[in-house]
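A.B. asks: upload.txt is reproduced below (compact mmCIF, C-alpha atoms and all ligand atoms).
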```
# COMPACT_ATOMS: atom_id res chain seq x y z
CA MET A 1 -109.96 89.25 -190.14
CA LYS A 2 -113.12 87.27 -189.42
CA LEU A 3 -114.63 84.72 -191.80
CA ASP A 4 -118.38 84.95 -192.07
CA ARG A 5 -120.41 81.79 -191.56
CA SER A 6 -120.90 81.05 -195.28
CA GLN A 7 -117.18 81.56 -196.04
CA TYR A 8 -116.34 79.27 -193.10
CA GLU A 9 -118.73 76.57 -194.26
CA GLY A 10 -117.50 76.87 -197.86
CA VAL A 11 -113.85 76.36 -196.84
CA ALA A 12 -114.84 73.35 -194.72
CA ALA A 13 -116.96 71.81 -197.51
CA ARG A 14 -114.16 72.14 -200.08
CA ALA A 15 -111.36 70.88 -197.78
CA GLU A 16 -110.11 67.30 -198.00
CA CYS A 17 -109.58 65.17 -194.89
CA LEU A 18 -106.05 63.72 -195.12
CA VAL A 19 -105.72 62.20 -191.63
CA SER A 20 -108.72 61.11 -189.56
CA HIS A 21 -109.30 61.78 -185.87
CA GLU A 22 -108.66 58.07 -185.13
CA GLU A 23 -105.33 58.11 -186.99
CA MET A 24 -104.29 61.26 -185.13
CA GLU A 25 -105.09 59.70 -181.76
CA THR A 26 -102.97 56.65 -182.69
CA ALA A 27 -100.13 58.96 -183.75
CA LEU A 28 -100.36 60.79 -180.41
CA ASP A 29 -100.17 57.45 -178.54
CA ARG A 30 -97.00 56.57 -180.48
CA MET A 31 -95.46 59.99 -179.83
CA ALA A 32 -96.17 59.67 -176.11
CA GLU A 33 -94.48 56.24 -176.00
CA THR A 34 -91.35 57.60 -177.69
CA ILE A 35 -91.25 60.68 -175.45
CA THR A 36 -91.57 58.44 -172.40
CA GLU A 37 -88.69 56.22 -173.57
CA ARG A 38 -86.42 59.21 -174.23
CA LEU A 39 -87.32 61.60 -171.43
CA GLY A 40 -89.21 59.62 -168.79
CA ASP A 41 -86.31 59.70 -166.33
CA LYS A 42 -85.09 63.24 -167.10
CA ASP A 43 -87.67 65.46 -165.37
CA PRO A 44 -87.97 67.47 -168.61
CA LEU A 45 -89.37 70.91 -169.30
CA ILE A 46 -92.04 70.66 -172.01
CA LEU A 47 -92.07 73.85 -174.08
CA CYS A 48 -95.27 74.44 -176.01
CA VAL A 49 -94.79 76.68 -179.08
CA MET A 50 -97.86 78.90 -178.97
CA THR A 51 -100.39 79.15 -180.44
CA GLY A 52 -100.71 76.12 -182.70
CA ALA A 53 -99.13 73.58 -180.34
CA VAL A 54 -101.72 74.19 -177.65
CA ILE A 55 -103.78 71.25 -178.97
CA THR A 56 -100.77 68.93 -179.42
CA ALA A 57 -99.53 69.70 -175.91
CA GLY A 58 -103.02 69.40 -174.46
CA LEU A 59 -103.46 65.95 -175.99
CA LEU A 60 -99.92 64.71 -175.30
CA LEU A 61 -99.47 65.78 -171.68
CA PRO A 62 -102.15 63.51 -170.17
CA ARG A 63 -100.50 60.60 -172.02
CA LEU A 64 -97.18 61.21 -170.21
CA ASP A 65 -97.07 59.53 -166.80
CA PHE A 66 -93.77 60.77 -165.34
CA PRO A 67 -92.46 63.94 -163.64
CA LEU A 68 -92.33 66.89 -166.02
CA ARG A 69 -92.94 70.62 -166.02
CA VAL A 70 -94.62 72.78 -168.67
CA ASN A 71 -93.82 76.23 -170.04
CA TYR A 72 -94.45 77.99 -173.33
CA ILE A 73 -92.60 79.92 -175.95
CA HIS A 74 -94.45 82.20 -178.32
CA ALA A 75 -92.89 82.66 -181.73
CA SER A 76 -94.91 83.00 -184.91
CA ARG A 77 -94.27 83.70 -188.58
CA TYR A 78 -97.58 83.10 -190.39
CA GLN A 79 -99.96 85.30 -188.35
CA GLY A 80 -103.11 84.12 -190.08
CA ALA A 81 -101.51 84.08 -193.57
CA THR A 82 -100.91 80.97 -195.69
CA SER A 83 -97.21 81.76 -196.25
CA GLY A 84 -94.62 82.51 -193.58
CA GLY A 85 -92.48 85.60 -192.98
CA GLU A 86 -89.98 86.70 -190.34
CA LEU A 87 -90.21 84.92 -186.99
CA ALA A 88 -91.71 87.29 -184.40
CA TRP A 89 -90.79 86.53 -180.77
CA ARG A 90 -93.56 87.27 -178.28
CA HIS A 91 -92.44 85.21 -175.25
CA ARG A 92 -89.08 83.56 -174.65
CA PRO A 93 -88.68 82.12 -171.13
CA SER A 94 -84.87 82.22 -171.16
CA ASP A 95 -84.37 81.92 -167.39
CA ALA A 96 -86.66 78.88 -167.10
CA ILE A 97 -84.74 77.01 -169.82
CA ARG A 98 -81.24 77.10 -168.27
CA ASP A 99 -79.92 73.59 -167.37
CA GLU A 100 -83.21 71.91 -168.34
CA HIS A 101 -83.79 68.89 -170.58
CA VAL A 102 -86.19 70.63 -172.95
CA LEU A 103 -88.77 69.04 -175.23
CA VAL A 104 -90.03 71.59 -177.78
CA VAL A 105 -93.57 70.67 -178.87
CA ASP A 106 -95.05 72.16 -182.02
CA ASP A 107 -98.00 71.35 -184.25
CA ILE A 108 -96.24 71.39 -187.63
CA LEU A 109 -92.86 71.24 -189.30
CA ASP A 110 -93.30 73.00 -192.63
CA GLU A 111 -90.28 74.99 -193.86
CA GLY A 112 -88.68 74.23 -190.48
CA ILE A 113 -87.70 77.84 -189.86
CA THR A 114 -89.68 78.16 -186.62
CA LEU A 115 -88.40 74.91 -185.09
CA ASP A 116 -84.83 75.64 -186.14
CA GLN A 117 -84.87 79.04 -184.46
CA VAL A 118 -86.70 77.84 -181.33
CA VAL A 119 -84.23 74.96 -180.84
CA ARG A 120 -81.28 77.35 -181.37
CA ALA A 121 -82.81 79.76 -178.83
CA CYS A 122 -83.07 76.95 -176.25
CA HIS A 123 -79.39 76.07 -176.74
CA GLU A 124 -78.45 79.77 -176.49
CA ASP A 125 -80.45 79.99 -173.26
CA GLY A 126 -78.39 77.18 -171.72
CA ALA A 127 -80.63 74.09 -171.98
CA ALA A 128 -78.93 70.85 -170.85
CA SER A 129 -80.43 69.11 -173.90
CA VAL A 130 -83.06 69.91 -176.49
CA GLN A 131 -85.35 67.50 -178.33
CA SER A 132 -88.33 68.33 -180.50
CA ALA A 133 -91.68 66.73 -181.22
CA VAL A 134 -94.10 67.81 -183.95
CA LEU A 135 -97.56 66.43 -184.56
CA VAL A 136 -97.39 66.88 -188.35
CA ALA A 137 -94.41 67.08 -190.72
CA LYS A 138 -94.90 68.06 -194.34
CA GLN A 139 -93.25 65.86 -196.97
CA ARG A 140 -90.89 68.56 -198.22
CA PRO A 141 -87.37 69.76 -197.40
CA HIS A 142 -87.10 71.47 -193.99
CA GLN A 143 -84.47 73.79 -192.53
CA CYS A 144 -84.20 71.32 -189.62
CA GLU A 145 -85.65 67.93 -188.71
CA ALA A 146 -87.78 67.04 -185.67
CA ASP A 147 -86.71 64.22 -183.32
CA ILE A 148 -90.26 62.88 -182.97
CA VAL A 149 -92.97 63.13 -185.66
CA GLY A 150 -96.64 62.18 -185.37
CA VAL A 151 -97.74 61.97 -189.01
CA GLU A 152 -96.18 62.89 -192.35
CA VAL A 153 -98.50 64.67 -194.75
CA VAL A 154 -98.28 65.96 -198.34
CA ASP A 155 -97.16 69.52 -198.91
CA ARG A 156 -100.51 71.32 -199.07
CA TYR A 157 -101.91 74.05 -196.81
CA LEU A 158 -103.43 72.24 -193.81
CA TYR A 159 -105.73 72.90 -190.90
CA GLY A 160 -106.92 71.03 -187.82
CA TYR A 161 -105.40 69.79 -184.53
CA GLY A 162 -104.06 73.28 -183.79
CA LEU A 163 -103.20 74.24 -187.37
CA ASP A 164 -105.13 77.27 -188.50
CA TYR A 165 -106.55 78.63 -191.73
CA LYS A 166 -106.93 82.43 -191.32
CA ASN A 167 -106.94 81.85 -187.54
CA TYR A 168 -109.91 79.44 -187.78
CA PHE A 169 -110.24 75.63 -187.78
CA ARG A 170 -107.61 74.95 -185.08
CA ASN A 171 -110.37 72.88 -183.44
CA ALA A 172 -111.01 70.62 -186.48
CA ARG A 173 -110.91 66.93 -185.50
CA GLY A 174 -108.58 65.72 -188.26
CA ILE A 175 -105.92 67.09 -190.60
CA TYR A 176 -107.51 68.75 -193.62
CA ALA A 177 -106.00 70.17 -196.83
CA VAL A 178 -107.48 73.50 -197.90
CA ALA A 179 -108.81 73.58 -201.49
CA ASP A 180 -106.57 75.46 -203.96
CA GLU A 181 -109.28 78.05 -204.61
CA ASP A 182 -109.26 79.03 -200.91
CA ILE A 183 -105.51 79.65 -200.62
O1 LIG B 1 -91.89 75.24 -190.27
P1 LIG B 1 -92.40 76.63 -190.46
O2 LIG B 1 -92.59 76.96 -191.92
O3 LIG B 1 -91.58 77.67 -189.77
O4 LIG B 1 -93.87 76.69 -189.87
C1 LIG B 1 -94.24 76.06 -188.68
C2 LIG B 1 -94.82 77.05 -187.71
O5 LIG B 1 -95.92 77.71 -188.30
C3 LIG B 1 -97.01 77.70 -187.40
O6 LIG B 1 -96.95 78.77 -186.53
P2 LIG B 1 -97.53 80.22 -186.89
O7 LIG B 1 -96.40 81.14 -187.19
O8 LIG B 1 -98.59 80.09 -187.95
O9 LIG B 1 -98.18 80.67 -185.55
P3 LIG B 1 -99.41 79.96 -184.78
O10 LIG B 1 -98.80 78.85 -183.99
O11 LIG B 1 -99.95 81.05 -183.93
O12 LIG B 1 -100.39 79.46 -185.81
C4 LIG B 1 -96.83 76.41 -186.64
O13 LIG B 1 -97.49 76.46 -185.39
C5 LIG B 1 -95.34 76.31 -186.49
O14 LIG B 1 -94.87 76.92 -185.31
O1 LIG B 2 -100.01 74.15 -193.60
C1 LIG B 2 -100.07 74.89 -192.59
N1 LIG B 2 -101.26 75.14 -191.99
C2 LIG B 2 -101.38 75.93 -190.89
N2 LIG B 2 -100.33 76.51 -190.31
C3 LIG B 2 -99.12 76.31 -190.86
N3 LIG B 2 -97.93 76.78 -190.45
C4 LIG B 2 -97.03 76.29 -191.30
N4 LIG B 2 -97.61 75.52 -192.25
C5 LIG B 2 -98.94 75.51 -191.98
```
Take the structure from the file and write it as structure tokens.

C.D. replies:
Amino acid sequence: MKLDRSQYEGVAARAECLVSHEEMETALDRMAETITERLGDKDPLILCVMTGAVITAGLLLPRLDFPLRVNYIHASRYQGATSGGELAWRHRPSDAIRDEHVLVVDDILDEGITLDQVVRACHEDGAASVQSAVLVAKQRPHQCEADIVGVEVVDRYLYGYGLDYKNYFRNARGIYAVADEDI
């Protein structure tokens, strides 16, 4: 479903900026340093969890100055909604994962169901090792933890830096909490 321009502008006007662009860039620098320490000599396979992680991966990869390869996995459970359902697999590159040191990159750890299942899938597909990095983790219990976290944010519905609200606002230059009336 499309948002019309006035709906879009209303959601943006009512949203609250929780993490600024500058703070996100600092968090990305820190994540890149940690990834380099842990995987810089392992020739890893970076697995971008589409669609939300496209921004995280796009901002992280140029910060990593060592040999690595990139692939993607497509699993989603929100599909434009503000609460998650069953995980739907759209692309699982099983053959490419075998014997690789995999770094799963996602935009957000919320309930942790997606990351848990993606990490399990990588182990099932024969990865040599699996680590995970998320740009944002919500301050709430998760089904699994991430190895590397950019920023921790309160448990509200968020958009920006790849996170969507009704498929919009992935391009917002900060992490924003959607107003209660818009959820
Ligand atoms: O921790 P969880 O509660 O499982 O939620 C996290 C997942 O939700 C979002 O994906 P979504 O299913 O919305 O697909 P998208 O990447 O296309 O937005 C996000 O990109 C994570 O992959
Ligand atoms: O708060 C969120 N915002 C956008 N996408 C999400 N996927 C899980 N949680 C969220």

A.B. asks: I need the residue nearest A:Leu3 from this list: A:Val178, A:Glu37, A:Phe169, A:Val102. Use only C-alpha atoms for the distance.

C.D. replies: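 Using only C-alpha atoms, A:Leu3 sits closest to A:Phe169.
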
A.B. asks: From the options A:Arg120, A:Lys2, A:Lys166, A:Arg69, which residue's atoms come nearest to ligand LIG 1 (chain B), counting only C-alpha atoms and all ligand atoms?

C.D. replies: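 Counting only C-alpha atoms and all ligand atoms, the residue closest to ligand LIG 1 (chain B) is A:Lys166.
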
A.B. asks: Fewer than 6 positions away in the same chain doesn't count, so skip those; otherwise give me all residues within 8 Å of A:Ala179, counting all atoms listed in the file, as an NGL selection string.

C.D. replies: :A and (11 or 14-16)

A.B. asks: Kindly save the residues from that selection, with C-alpha atoms included, as a PDB file, in the coordinates of the input.

C.D. replies:
```pdb
ATOM      1  CA  VAL A  11    -113.850  76.360-196.840  1.00  0.00           C
ATOM      2  CA  ARG A  14    -114.160  72.140-200.080  1.00  0.00           C
ATOM      3  CA  ALA A  15    -111.360  70.880-197.780  1.00  0.00           C
ATOM      4  CA  GLU A  16    -110.110  67.300-198.000  1.00  0.00           C
TER       5      GLU A  16
END
```

A.B. asks: Please give me, as a PyMOL selection string, the residues lying within 10 Å of ligand LIG 2 (chain B) when counting only C-alpha atoms and all ligand atoms.

C.D. replies: chain A and resi 52+76-84+107-114+136-138+153-170+175-178

A.B. asks: Give the answer as one residue: which of A:Asp147, A:Glu86, A:Asp29, A:Asp65 has the shortest atom-to-atom distance to ligand LIG 1 (chain B), using only C-alpha atoms and all ligand atoms?

C.D. replies: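 Ranking A:Asp147, A:Glu86, A:Asp29, A:Asp65 by distance to ligand LIG 1 (chain B), first place goes to A:Glu86.
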
A.B. asks: Which residue gives the smallest distance to A:Trp89 among A:Val105, A:Leu59, A:Ile35, A:Ala121, with all atoms listed in the file counted?

C.D. replies: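 For A:Trp89, the nearest of the given residues is A:Ala121.
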
A.B. asks: Would you pick out the contacts of A:Asp125 at 9 Å or less, using all atoms listed in the file, so that residues sharing its chain but fewer than 4 positions from it are not included, and give the list as a list in words?

C.D. replies: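 The residues satisfying every condition are Pro93, Ser94, Asp95, Ala96, Ile97, Arg98, Asp99, Arg120 and Ala121 of chain A.
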
A.B. asks: If I take atom CA of A:Ala88 and atom CA of A:Ala75, how far is one from the other in Å, to one decimal?

C.D. replies: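 Atom CA of A:Ala75 lies 5.5 Å from atom CA of A:Ala88.
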
A.B. asks: How many Å lie between atom CA of A:Leu45 and atom CA of A:Ile73, rounded to one decimal?

C.D. replies: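 These atoms are spaced 11.7 Å apart.
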
A.B. asks: When distances are computed from all atoms listed in the file, which of A:Thr36, A:Ser6, A:Thr51, A:Asn171 shows the smallest separation from ligand LIG 1 (chain B)?

C.D. replies: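 Closest residue, counting all atoms listed in the file: A:Thr51.
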
A.B. asks: Once you add 5 Å to each side, what are the centre and edge lengths of the axis-aligned box holding all listed atoms of stretch 13-31 of chain A? One decimal in Å, as AutoDock Vina command-line options, if you can.

C.D. replies:
```
--center_x -106.2 --center_y 64.4 --center_z -189.3 --size_x 31.5 --size_y 25.6 --size_z 31.5
```

A.B. asks: So the first atom is atom CA of A:Gln143 and the second is atom CA of A:Asp116; what is the distance between them in Å, to one decimal place?

C.D. replies: 6.7 Å

A.B. asks: What does stretch 99-119 of chain A look like written to a file with N, CA and C atoms, as a PDB file, in the first residue's frame?

C.D. replies:
```pdb
ATOM      1  N   ASP A  99      31.260 -24.173   4.395  1.00  0.00           N
ATOM      2  CA  ASP A  99      32.673 -24.000   4.772  1.00  0.00           C
ATOM      3  C   ASP A  99      33.113 -22.535   4.916  1.00  0.00           C
ATOM      4  N   GLU A 100      32.177 -21.613   4.842  1.00  0.00           N
ATOM      5  CA  GLU A 100      32.551 -20.190   4.946  1.00  0.00           C
ATOM      6  C   GLU A 100      32.461 -19.688   6.391  1.00  0.00           C
ATOM      7  N   HIS A 101      33.309 -18.677   6.695  1.00  0.00           N
ATOM      8  CA  HIS A 101      33.143 -17.908   7.931  1.00  0.00           C
ATOM      9  C   HIS A 101      32.141 -16.802   7.592  1.00  0.00           C
ATOM     10  N   VAL A 102      30.921 -16.956   8.116  1.00  0.00           N
ATOM     11  CA  VAL A 102      29.815 -16.088   7.690  1.00  0.00           C
ATOM     12  C   VAL A 102      29.597 -14.982   8.728  1.00  0.00           C
ATOM     13  N   LEU A 103      29.401 -13.765   8.225  1.00  0.00           N
ATOM     14  CA  LEU A 103      28.925 -12.673   9.078  1.00  0.00           C
ATOM     15  C   LEU A 103      27.539 -12.288   8.572  1.00  0.00           C
ATOM     16  N   VAL A 104      26.515 -12.569   9.381  1.00  0.00           N
ATOM     17  CA  VAL A 104      25.144 -12.182   9.037  1.00  0.00           C
ATOM     18  C   VAL A 104      24.962 -10.723   9.443  1.00  0.00           C
ATOM     19  N   VAL A 105      24.547  -9.890   8.502  1.00  0.00           N
ATOM     20  CA  VAL A 105      24.341  -8.459   8.779  1.00  0.00           C
ATOM     21  C   VAL A 105      22.858  -8.135   8.646  1.00  0.00           C
ATOM     22  N   ASP A 106      22.279  -7.593   9.717  1.00  0.00           N
ATOM     23  CA  ASP A 106      20.876  -7.184   9.645  1.00  0.00           C
ATOM     24  C   ASP A 106      20.726  -5.786  10.225  1.00  0.00           C
ATOM     25  N   ASP A 107      19.578  -5.171   9.912  1.00  0.00           N
ATOM     26  CA  ASP A 107      19.374  -3.802  10.415  1.00  0.00           C
ATOM     27  C   ASP A 107      18.916  -3.785  11.861  1.00  0.00           C
ATOM     28  N   ILE A 108      18.047  -4.761  12.246  1.00  0.00           N
ATOM     29  CA  ILE A 108      17.501  -4.677  13.616  1.00  0.00           C
ATOM     30  C   ILE A 108      17.298  -6.046  14.236  1.00  0.00           C
ATOM     31  N   LEU A 109      17.568  -6.082  15.534  1.00  0.00           N
ATOM     32  CA  LEU A 109      17.238  -7.236  16.376  1.00  0.00           C
ATOM     33  C   LEU A 109      16.052  -6.788  17.227  1.00  0.00           C
ATOM     34  N   ASP A 110      14.891  -7.350  16.928  1.00  0.00           N
ATOM     35  CA  ASP A 110      13.685  -6.961  17.675  1.00  0.00           C
ATOM     36  C   ASP A 110      13.280  -8.152  18.544  1.00  0.00           C
ATOM     37  N   GLU A 111      12.372  -9.007  18.061  1.00  0.00           N
ATOM     38  CA  GLU A 111      12.080 -10.233  18.823  1.00  0.00           C
ATOM     39  C   GLU A 111      13.226 -11.237  18.696  1.00  0.00           C
ATOM     40  N   GLY A 112      14.039 -11.084  17.655  1.00  0.00           N
ATOM     41  CA  GLY A 112      15.184 -11.980  17.454  1.00  0.00           C
ATOM     42  C   GLY A 112      14.844 -13.248  16.698  1.00  0.00           C
ATOM     43  N   ILE A 113      13.620 -13.329  16.210  1.00  0.00           N
ATOM     44  CA  ILE A 113      13.188 -14.549  15.507  1.00  0.00           C
ATOM     45  C   ILE A 113      13.910 -14.669  14.163  1.00  0.00           C
ATOM     46  N   THR A 114      14.002 -13.574  13.442  1.00  0.00           N
ATOM     47  CA  THR A 114      14.653 -13.602  12.125  1.00  0.00           C
ATOM     48  C   THR A 114      16.122 -14.007  12.273  1.00  0.00           C
ATOM     49  N   LEU A 115      16.849 -13.316  13.155  1.00  0.00           N
ATOM     50  CA  LEU A 115      18.288 -13.598  13.289  1.00  0.00           C
ATOM     51  C   LEU A 115      18.501 -15.034  13.755  1.00  0.00           C
ATOM     52  N   ASP A 116      17.707 -15.475  14.705  1.00  0.00           N
ATOM     53  CA  ASP A 116      17.835 -16.840  15.217  1.00  0.00           C
ATOM     54  C   ASP A 116      17.709 -17.846  14.067  1.00  0.00           C
ATOM     55  N   GLN A 117      16.691 -17.658  13.244  1.00  0.00           N
ATOM     56  CA  GLN A 117      16.461 -18.629  12.163  1.00  0.00           C
ATOM     57  C   GLN A 117      17.503 -18.513  11.054  1.00  0.00           C
ATOM     58  N   VAL A 118      17.970 -17.296  10.785  1.00  0.00           N
ATOM     59  CA  VAL A 118      18.995 -17.128   9.739  1.00  0.00           C
ATOM     60  C   VAL A 118      20.314 -17.763  10.202  1.00  0.00           C
ATOM     61  N   VAL A 119      20.682 -17.540  11.462  1.00  0.00           N
ATOM     62  CA  VAL A 119      21.931 -18.130  11.979  1.00  0.00           C
ATOM     63  C   VAL A 119      21.832 -19.661  11.978  1.00  0.00           C
TER      64      VAL A 119
END
```
